[in-house]
Amino acid sequence: MNDFLSLLPLLIISSGAILLMLLAAFEKNRLETAAYLSMGVFAVAFFVQLLIGCGPATTLFNDVFNGMLVASNFTHAAGLIILACGFFTTMTTHSYFKVNTFCTLEFYATMMFGACGMLLLTLSQELITAFISLEIMSLAIYVLVGYDRSNIKAAEAVLKYLMLGAFAGSFFTMGTALIYGGVKSTKFIEIGAFCADNSATSPLLIGGAFFIFVALLFKAAAFPFHAWVVDVYDGASTPVTGFMATALKTAIFTVFANFLSQNSGLHGSWVTFLFYISVLTMFGGNLIAIGQNNLKRMLAASGIVHSGYLLIALVAISTEHFTGSVIAYYLAAYAAGTLGMFAALAYLGGESEKRSTFDDFKGLAKVRPYSAAAITVFLLSMAGIPPTAGFMGKFYVITSAISADQMALAVLGIVSSILSMWYYLRLIINMYFHEATESFETQGSLFATACTFILVFCVFAIGIYPIII
Amino acid sequence: MFEYALSVMIFLPILAGLMLFLFPFSGGASRITGFIVSIVVLLLGIELFLGFSGTGAMEYVESRSWIESLGIRYSLGVDGISLLVLMAGTILFPMVFTIFSTRTKGYYANLLIIQGAMIGAICATDMVLFYIFWEIMLLPVFFMIGIYGGANRLPATLKITLYTISGSLLMLAALVYVGVSFHDQFGRWTFDIVELSNLQLSGGYAVLAFFMFMIAFAIKIPLFPFHTWLPDAYTEAPSSTTFVLSAIMAKIGVYGVIRFVVPVFEIELARFAILLSLAGVVGMMYCGLAAIAQKDMKRMLAFSSASHMGIIALGVFCINVQALTGCLFQIAAHATSTGVLFLFIGLMEERMQTRNIADFGGIAYRAPIFATFFAIAMLASVGLPGTSGFIGEFLIILGAIKFSGFIGFLAGTSLIIGVCYMLWMFQRVFFEKPGEDTEKFKDLTIPEALTFLPVILLIIGMGIFPQPFLKKIEPTAQLHIAEVSVMTKTVLADNAPPIALDTHQKN
């Protein structure tokens, strides 16, 4: 029964998605209804996830699924983050489609299917399951990215993402095959056991793990697989970008950490590799972000930098007492800031996202002081200034890095966040220190405003009462 | 109620500031709110000062668990080190609200938040809590300079923000390193400063962490060669912000060194004391000389403030009781004198629309009360006997000579530079021939004079009768040095012969 409860949020979301898909067949239904319905489904799933709680790691339905799915505190937290992301994104979407008109009912259904894939991905402890859930998630995201078929930028984005994503998917299968060749199993736990008995450095295992890392790093937008990020984030509609940047990253890093934490040999043999990847990701991301004039592109690049910080946490995880709390906390903090930022952008962006560059937001504080204040809070959280959630997240990441004897990585992480101050401050300066040139009128709905202010509250609440799982 | 005095002093201004932001207040209403809140904080501060027993230990302690998994606590307290800094942060603030009367609500709200955050940083005895307030302190300054500053405010804002944020992020890394080392040595997490002083740190990482801390504080103080943001920021900032930056925030930098660096990194501090005190002395001379050459009064005062911060910082690096006591005393003395001077210049700028020294002249004939007040504050800043500035500087020089004759000699002589630029400026601005514009210069109005009077009296009082203040800070200074000196002496003893040997060989 407990196993069933652990899967319940996933079931709620998937049945909600199917229901919406069926409803979409009837022309009578309005978009508003669909938005309310999916908000409700996400909210219910979130509260179910919150209420069930979770003890130590349990294998779900071991007889039926044969150890494919494992729920733990870590996956529980990741699930919460994903469901919250889904909920807030729906709120944002509702407002976004008041001014943009390419929405149909299937949009919401697709988003829920994506969330299903993500939830399943966090639970999966087996490579083929991981692959299937990865693809469920990716297919939904491909569709969402290219939803505005008349927009040439969206078409470009979806093509880039689809082609490269397909490559990543095939790398993942390739890696799975190689690992199966070496270990004779695709279960994480048996891969770990194999590494403990033999070594993690047999050629098949190295090759297989490498291919899997390539696929995961691609999805996580890490250097050198980051080239797609800026264009795809820019081309996708703003709420979708927010959803990708937060929920998808949460799912990927959860499965990544679950895979790496199986065995110290496996983790140990890849630490150096991940060290360099994380350093390059942070600095590469910063270099890209500093040069951007478009806000969404800047946020995309800053997302790359945040992946770098998360990789620091991955380098520093302890394989003996793996709790994933640092990663989960950082993801939650990052999600609150980023989602809020995208919600504000979706609200203020106006028709077909006409306000999109740094200069377009000049003088916002003079006309809309509350919006500007909210955006400032989100930016400060992303930059890691106390007392926001972003600061505590960074604090935990640095603490875990130094505890794991990775002083160099901690210092480089700090240097990178100094660099990142530049582009976060730039927007604040534009908003506050210039005179307004327009009146920032928008027809967005109340939901976006509500969502923004709930998230401001979250940023402070998570920062001041850091609940460690 | 009074057991939570510190929390009230921190959060009352912050909450009032946030409230002003959130609800539509007029400028005048926010000014009155700010004034009332700062008066309440002042009263609490005076109460606290009178009730302070000066045993050397932490008083008014508040401590509760906050983030258990990392041993971070919400713990506050006041001892001799923080007492006078705290007083500077409470006594001077109401003046800002009475003098600058025509600003918008954001201006007053930001000031309130700065005050709360500064008191938080001064009272925090947990390193992480201190860091959090330390960073919050910067944000209102950023907005104040950026929104209400002078013509070149944007570059100045960016400069001060990037400088200080880089420093504080480096400090964050060092702070985490200290916490993790404590966990390695004692098997539990804590960031409490009293416990952390038991830490034994050695090796390359300790030196690195020491320098990270020192750079963060050196930027805030500012210590040569990290002072380059200061002239721009002080000049472009609105007068109240310059006042806050110079009178209190810079002092929190020195306070941070005394509170957090001295007990934890005693060995490294002893090892690099000569280097750091040289930085202090060089900064003193360099900024003093630069001040002589300035044409803009505010910029001159900015350099003068940096120059005086050099000697205050020197007081810490000498690591003996005289210098430390002098330093703690001088923190309060300099806060009152420089703070008041910056406010005076703000007033002059409001009346004359210029800060150019050449545009003034003969003000003393038009505004005798103003000139008298200005002269007293200026002489205190120069360190004339009978004013508060003398006691502190005298003790510091005494300590410096004890520490190293050469450093003491340099510090003593460069005090003369201070006299040069100050008196010369005073001559050009207040005497000489009155210019056309200065004819119309109004003297202080009665409310203005009444606002400044207590502080002017305090300056003289601290100079003539320093004992009540010294009595409260000395026990802590002695304890603080006693903890350090055992360790330091051994290190200095280890280090001294090789240095002597080196010079011998070179000769």
# chains A, B, ... in the order shown; residues from 1 in each chain; ligands from 1
>>> closest_atom_pairs(of="segment 150-250 of chain B", to="segment 61-77 of chain B", cutoff="9 Å", atoms="only C-alpha atoms", output="JSON lines")
{"residue": "B:Gly179", "atom": "CA", "partner": "B:Leu70", "partner_atom": "CA", "distance": 8.8}
{"residue": "B:Arg188", "atom": "CA", "partner": "B:Gly71", "partner_atom": "CA", "distance": 7.8}
{"residue": "B:Trp189", "atom": "CA", "partner": "B:Gly71", "partner_atom": "CA", "distance": 4.8}
{"residue": "B:Thr190", "atom": "CA", "partner": "B:Gly71", "partner_atom": "CA", "distance": 4.4}
{"residue": "B:Phe191", "atom": "CA", "partner": "B:Ile72", "partner_atom": "CA", "distance": 5.9}
{"residue": "B:Asp192", "atom": "CA", "partner": "B:Arg73", "partner_atom": "CA", "distance": 7.5}
>>> interface_residues(of="chain A", to="chain B", cutoff="10 Å", atoms="only C-alpha atoms", output="ChimeraX atom specification")
/A:369-370,373,380,384-388,391-392,394-396,398-405,407,410-415,417-419,421-422,425-426,428-429,432-434,464-468
>>> select_by_dssp(residues="segment 182-397 of chain A", states="helix (DSSP H, G or I)", output="VMD selection string")
chain A and resid 182 to 183 188 to 197 203 to 219 227 to 235 238 to 260 264 to 290 295 to 315 325 to 349 351 to 353 359 to 361 364 to 367 369 to 383 389 to 397
>>> closest_residue(among="A:Ser138, A:Ser352, A:Thr254, A:Thr176", to="Ile191 of chain A", atoms="only C-alpha atoms")
A:Thr176
>>> closest_residue(among="B:Ile91, B:Ile473, B:Leu453, B:Met284", to="Gly56 of chain B", atoms="only C-alpha atoms")
B:Ile473
>>> residues_around(residues="Leu223 of chain B", least_positions_apart="2", cutoff="9 Å", atoms="only C-alpha atoms", output="list in words")
Ile215, Phe217, Ala218, Ile219, Lys220, Ile221, Pro225, Phe226, His227, Leu276, Ala279, Gly280, Gly283, Met284, Ala306, Ser307, Met309, Gly310 and Ala313 of chain B
>>> write_last_selection(atoms="N, CA and C atoms", output="PDB file, in the first residue's frame")
ATOM      1  N   ILE B 215      41.088  40.254   2.854  1.00  0.00           N
ATOM      2  CA  ILE B 215      40.734  41.053   1.670  1.00  0.00           C
ATOM      3  C   ILE B 215      39.317  41.588   1.806  1.00  0.00           C
ATOM      4  N   PHE B 217      37.663  42.285   4.522  1.00  0.00           N
ATOM      5  CA  PHE B 217      37.601  43.393   5.470  1.00  0.00           C
ATOM      6  C   PHE B 217      38.402  44.584   4.965  1.00  0.00           C
ATOM      7  N   ALA B 218      39.531  44.303   4.307  1.00  0.00           N
ATOM      8  CA  ALA B 218      40.361  45.406   3.806  1.00  0.00           C
ATOM      9  C   ALA B 218      39.594  46.227   2.775  1.00  0.00           C
ATOM     10  N   ILE B 219      38.755  45.570   1.998  1.00  0.00           N
ATOM     11  CA  ILE B 219      37.964  46.327   1.025  1.00  0.00           C
ATOM     12  C   ILE B 219      36.981  47.225   1.752  1.00  0.00           C
ATOM     13  N   LYS B 220      36.378  46.708   2.791  1.00  0.00           N
ATOM     14  CA  LYS B 220      35.370  47.491   3.478  1.00  0.00           C
ATOM     15  C   LYS B 220      35.994  48.640   4.266  1.00  0.00           C
ATOM     16  N   ILE B 221      37.220  48.436   4.780  1.00  0.00           N
ATOM     17  CA  ILE B 221      37.777  49.449   5.702  1.00  0.00           C
ATOM     18  C   ILE B 221      37.983  50.816   5.068  1.00  0.00           C
ATOM     19  N   PRO B 225      46.077  48.361  -0.510  1.00  0.00           N
ATOM     20  CA  PRO B 225      45.722  48.986  -1.788  1.00  0.00           C
ATOM     21  C   PRO B 225      44.306  48.667  -2.270  1.00  0.00           C
ATOM     22  N   PHE B 226      43.366  48.451  -1.360  1.00  0.00           N
ATOM     23  CA  PHE B 226      41.999  48.132  -1.797  1.00  0.00           C
ATOM     24  C   PHE B 226      41.072  49.332  -1.640  1.00  0.00           C
ATOM     25  N   HIS B 227      41.652  50.524  -1.676  1.00  0.00           N
ATOM     26  CA  HIS B 227      40.855  51.706  -1.361  1.00  0.00           C
ATOM     27  C   HIS B 227      40.312  52.387  -2.608  1.00  0.00           C
ATOM     28  N   LEU B 276      50.792  43.868   7.170  1.00  0.00           N
ATOM     29  CA  LEU B 276      49.490  44.531   7.261  1.00  0.00           C
ATOM     30  C   LEU B 276      49.631  45.921   7.867  1.00  0.00           C
ATOM     31  N   ALA B 279      50.758  48.211   5.359  1.00  0.00           N
ATOM     32  CA  ALA B 279      49.655  48.603   4.476  1.00  0.00           C
ATOM     33  C   ALA B 279      48.852  49.720   5.115  1.00  0.00           C
ATOM     34  N   GLY B 280      48.622  49.592   6.446  1.00  0.00           N
ATOM     35  CA  GLY B 280      47.893  50.636   7.146  1.00  0.00           C
ATOM     36  C   GLY B 280      48.613  51.968   7.083  1.00  0.00           C
ATOM     37  N   GLY B 283      48.777  53.404   3.557  1.00  0.00           N
ATOM     38  CA  GLY B 283      47.472  53.946   3.194  1.00  0.00           C
ATOM     39  C   GLY B 283      47.250  55.305   3.847  1.00  0.00           C
ATOM     40  N   MET B 284      47.674  55.385   5.100  1.00  0.00           N
ATOM     41  CA  MET B 284      47.552  56.648   5.822  1.00  0.00           C
ATOM     42  C   MET B 284      48.240  57.783   5.094  1.00  0.00           C
ATOM     43  N   ALA B 306      39.747  57.765   4.545  1.00  0.00           N
ATOM     44  CA  ALA B 306      40.535  56.571   4.243  1.00  0.00           C
ATOM     45  C   ALA B 306      41.855  56.612   4.978  1.00  0.00           C
ATOM     46  N   SER B 307      42.440  57.790   5.062  1.00  0.00           N
ATOM     47  CA  SER B 307      43.721  57.926   5.736  1.00  0.00           C
ATOM     48  C   SER B 307      43.587  57.583   7.224  1.00  0.00           C
ATOM     49  N   MET B 309      41.302  55.686   8.516  1.00  0.00           N
ATOM     50  CA  MET B 309      41.019  54.261   8.679  1.00  0.00           C
ATOM     51  C   MET B 309      42.317  53.467   8.702  1.00  0.00           C
ATOM     52  N   GLY B 310      43.330  53.985   8.011  1.00  0.00           N
ATOM     53  CA  GLY B 310      44.640  53.331   8.036  1.00  0.00           C
ATOM     54  C   GLY B 310      45.174  53.219   9.451  1.00  0.00           C
ATOM     55  N   ALA B 313      43.100  50.770  11.549  1.00  0.00           N
ATOM     56  CA  ALA B 313      43.441  49.382  11.226  1.00  0.00           C
ATOM     57  C   ALA B 313      44.793  49.018  11.821  1.00  0.00           C
TER      58      ALA B 313
END
>>> select_by_dssp(residues="segment 69-271 of chain A", states="strand (DSSP E or B)", output="PDB file with C-alpha atoms, in the first residue's frame")
ATOM      1  CA  LEU A  69      11.746   2.130  -9.161  1.00  0.00           C
ATOM      2  CA  VAL A  70      13.092   3.217  -5.806  1.00  0.00           C
ATOM      3  CA  ALA A  71      11.631   6.000  -3.701  1.00  0.00           C
ATOM      4  CA  SER A 124      14.073   5.107 -11.775  1.00  0.00           C
ATOM      5  CA  GLU A 126      17.548   1.131 -13.719  1.00  0.00           C
ATOM      6  CA  LYS A 187      20.079  -1.944 -12.327  1.00  0.00           C
TER       7      LYS A 187
END
>>> residues_around(residues="segment 272-276 of chain A", least_positions_apart="5", cutoff="9 Å", atoms="only C-alpha atoms", output="PyMOL selection string")
chain A and resi 281+311-312+314-315+409
>>> residues_around(residues="segment 331-339 of chain B", least_positions_apart="3", cutoff="8 Å", atoms="only C-alpha atoms", output="PDB file with N, CA and C atoms, in the first residue's frame")
ATOM      1  N   LEU B  84      31.230  50.116  21.465  1.00  0.00           N
ATOM      2  CA  LEU B  84      31.336  51.474  20.941  1.00  0.00           C
ATOM      3  C   LEU B  84      30.939  51.542  19.469  1.00  0.00           C
ATOM      4  N   VAL B  85      31.203  50.485  18.724  1.00  0.00           N
ATOM      5  CA  VAL B  85      30.751  50.462  17.327  1.00  0.00           C
ATOM      6  C   VAL B  85      29.233  50.530  17.302  1.00  0.00           C
ATOM      7  N   MET B  87      27.346  51.772  19.588  1.00  0.00           N
ATOM      8  CA  MET B  87      26.898  53.105  19.985  1.00  0.00           C
ATOM      9  C   MET B  87      26.988  54.067  18.811  1.00  0.00           C
ATOM     10  N   ALA B  88      28.087  53.971  18.059  1.00  0.00           N
ATOM     11  CA  ALA B  88      28.224  54.841  16.888  1.00  0.00           C
ATOM     12  C   ALA B  88      27.056  54.620  15.936  1.00  0.00           C
ATOM     13  N   LEU B  92      24.363  58.231  16.010  1.00  0.00           N
ATOM     14  CA  LEU B  92      24.474  59.169  14.900  1.00  0.00           C
ATOM     15  C   LEU B  92      23.266  59.157  13.978  1.00  0.00           C
ATOM     16  N   PHE B 243      27.950  59.400   4.841  1.00  0.00           N
ATOM     17  CA  PHE B 243      28.033  59.403   6.299  1.00  0.00           C
ATOM     18  C   PHE B 243      27.976  57.977   6.842  1.00  0.00           C
ATOM     19  N   VAL B 244      27.002  57.203   6.339  1.00  0.00           N
ATOM     20  CA  VAL B 244      26.870  55.826   6.825  1.00  0.00           C
ATOM     21  C   VAL B 244      28.110  55.023   6.482  1.00  0.00           C
ATOM     22  N   SER B 246      31.206  56.020   5.846  1.00  0.00           N
ATOM     23  CA  SER B 246      32.454  56.374   6.502  1.00  0.00           C
ATOM     24  C   SER B 246      32.347  56.201   8.012  1.00  0.00           C
ATOM     25  N   ALA B 247      31.196  56.599   8.562  1.00  0.00           N
ATOM     26  CA  ALA B 247      31.127  56.626  10.019  1.00  0.00           C
ATOM     27  C   ALA B 247      30.952  55.241  10.602  1.00  0.00           C
ATOM     28  N   ILE B 248      30.185  54.385   9.940  1.00  0.00           N
ATOM     29  CA  ILE B 248      29.885  53.117  10.597  1.00  0.00           C
ATOM     30  C   ILE B 248      30.340  51.910   9.792  1.00  0.00           C
ATOM     31  N   LYS B 251      33.883  51.108   9.876  1.00  0.00           N
ATOM     32  CA  LYS B 251      34.281  50.629  11.200  1.00  0.00           C
ATOM     33  C   LYS B 251      33.923  49.166  11.375  1.00  0.00           C
ATOM     34  N   SER B 305      39.167  60.390   5.316  1.00  0.00           N
ATOM     35  CA  SER B 305      38.561  59.279   6.050  1.00  0.00           C
ATOM     36  C   SER B 305      39.354  58.003   5.809  1.00  0.00           C
ATOM     37  N   HIS B 308      42.504  58.055   7.835  1.00  0.00           N
ATOM     38  CA  HIS B 308      42.314  57.756   9.251  1.00  0.00           C
ATOM     39  C   HIS B 308      41.977  56.299   9.486  1.00  0.00           C
ATOM     40  N   ILE B 312      43.452  53.427  12.243  1.00  0.00           N
ATOM     41  CA  ILE B 312      42.590  52.577  13.070  1.00  0.00           C
ATOM     42  C   ILE B 312      42.919  51.107  12.834  1.00  0.00           C
ATOM     43  N   CYS B 327      42.340  51.557  19.313  1.00  0.00           N
ATOM     44  CA  CYS B 327      41.606  51.319  18.077  1.00  0.00           C
ATOM     45  C   CYS B 327      40.105  51.311  18.335  1.00  0.00           C
ATOM     46  N   LEU B 328      39.690  50.597  19.402  1.00  0.00           N
ATOM     47  CA  LEU B 328      38.258  50.536  19.712  1.00  0.00           C
ATOM     48  C   LEU B 328      37.716  51.912  20.064  1.00  0.00           C
ATOM     49  N   PHE B 342      30.949  64.901   7.315  1.00  0.00           N
ATOM     50  CA  PHE B 342      30.267  64.595   6.051  1.00  0.00           C
ATOM     51  C   PHE B 342      28.865  65.210   6.035  1.00  0.00           C
ATOM     52  N   LEU B 343      28.202  65.179   7.188  1.00  0.00           N
ATOM     53  CA  LEU B 343      26.874  65.795   7.239  1.00  0.00           C
ATOM     54  C   LEU B 343      26.982  67.304   7.023  1.00  0.00           C
ATOM     55  N   ALA B 377      34.645  69.514  15.149  1.00  0.00           N
ATOM     56  CA  ALA B 377      34.657  68.189  14.524  1.00  0.00           C
ATOM     57  C   ALA B 377      35.961  67.988  13.768  1.00  0.00           C
ATOM     58  N   MET B 378      36.414  69.026  13.075  1.00  0.00           N
ATOM     59  CA  MET B 378      37.631  68.911  12.292  1.00  0.00           C
ATOM     60  C   MET B 378      38.841  68.663  13.196  1.00  0.00           C
ATOM     61  N   ALA B 380      38.828  67.356  16.088  1.00  0.00           N
ATOM     62  CA  ALA B 380      38.753  65.995  16.617  1.00  0.00           C
ATOM     63  C   ALA B 380      39.267  65.011  15.596  1.00  0.00           C
ATOM     64  N   SER B 381      38.925  65.256  14.352  1.00  0.00           N
ATOM     65  CA  SER B 381      39.376  64.347  13.306  1.00  0.00           C
ATOM     66  C   SER B 381      40.892  64.417  13.166  1.00  0.00           C
ATOM     67  N   SER B 388      38.057  64.015  21.190  1.00  0.00           N
ATOM     68  CA  SER B 388      38.025  62.552  21.256  1.00  0.00           C
ATOM     69  C   SER B 388      39.111  61.931  20.389  1.00  0.00           C
ATOM     70  N   GLY B 389      39.471  62.599  19.295  1.00  0.00           N
ATOM     71  CA  GLY B 389      40.421  61.982  18.372  1.00  0.00           C
ATOM     72  C   GLY B 389      41.790  61.774  18.990  1.00  0.00           C
ATOM     73  N   GLY B 392      42.374  58.198  21.206  1.00  0.00           N
ATOM     74  CA  GLY B 392      42.511  56.988  20.407  1.00  0.00           C
ATOM     75  C   GLY B 392      43.823  56.957  19.663  1.00  0.00           C
ATOM     76  N   VAL B 455      26.261  65.715  19.677  1.00  0.00           N
ATOM     77  CA  VAL B 455      27.424  64.997  19.158  1.00  0.00           C
ATOM     78  C   VAL B 455      28.687  65.814  19.365  1.00  0.00           C
ATOM     79  N   ILE B 459      31.936  64.733  21.445  1.00  0.00           N
ATOM     80  CA  ILE B 459      33.319  64.748  20.962  1.00  0.00           C
ATOM     81  C   ILE B 459      34.236  65.334  22.034  1.00  0.00           C
ATOM     82  N   MET B 462      34.283  63.002  25.228  1.00  0.00           N
ATOM     83  CA  MET B 462      35.126  61.818  25.077  1.00  0.00           C
ATOM     84  C   MET B 462      36.594  62.198  25.148  1.00  0.00           C
TER      85      MET B 462
END
>>> closest_residue(among="A:Phe194, A:Phe113, A:Tyr142, A:Trp270", to="Leu162 of chain A", atoms="only C-alpha atoms")
A:Tyr142
>>> residues_around(residues="segment 111-120 of chain B", least_positions_apart="4", cutoff="9 Å", atoms="only C-alpha atoms", output="count of residues only")
44
>>> residues_around(residues="Leu178 of chain A", least_positions_apart="6", cutoff="8 Å", atoms="only C-alpha atoms", output="list in words")
Leu204, Leu205, Gly207 and Gly208 of chain A
>>> atom_distance(atom1="atom CA of Leu159 of chain A", atom2="atom CA of Phe223 of chain A")
20.3 Å
>>> atom_distance(atom1="atom CA of Lys153 of chain A", atom2="atom CA of Leu331 of chain A")
28.5 Å
>>> atom_distance(atom1="atom CA of Ala77 of chain A", atom2="atom CA of Ala328 of chain A")
6.5 Å
>>> closest_residue(among="A:Cys195, A:Ile179, A:Ile52, A:Val214", to="Ser261 of chain A", atoms="only C-alpha atoms")
A:Cys195
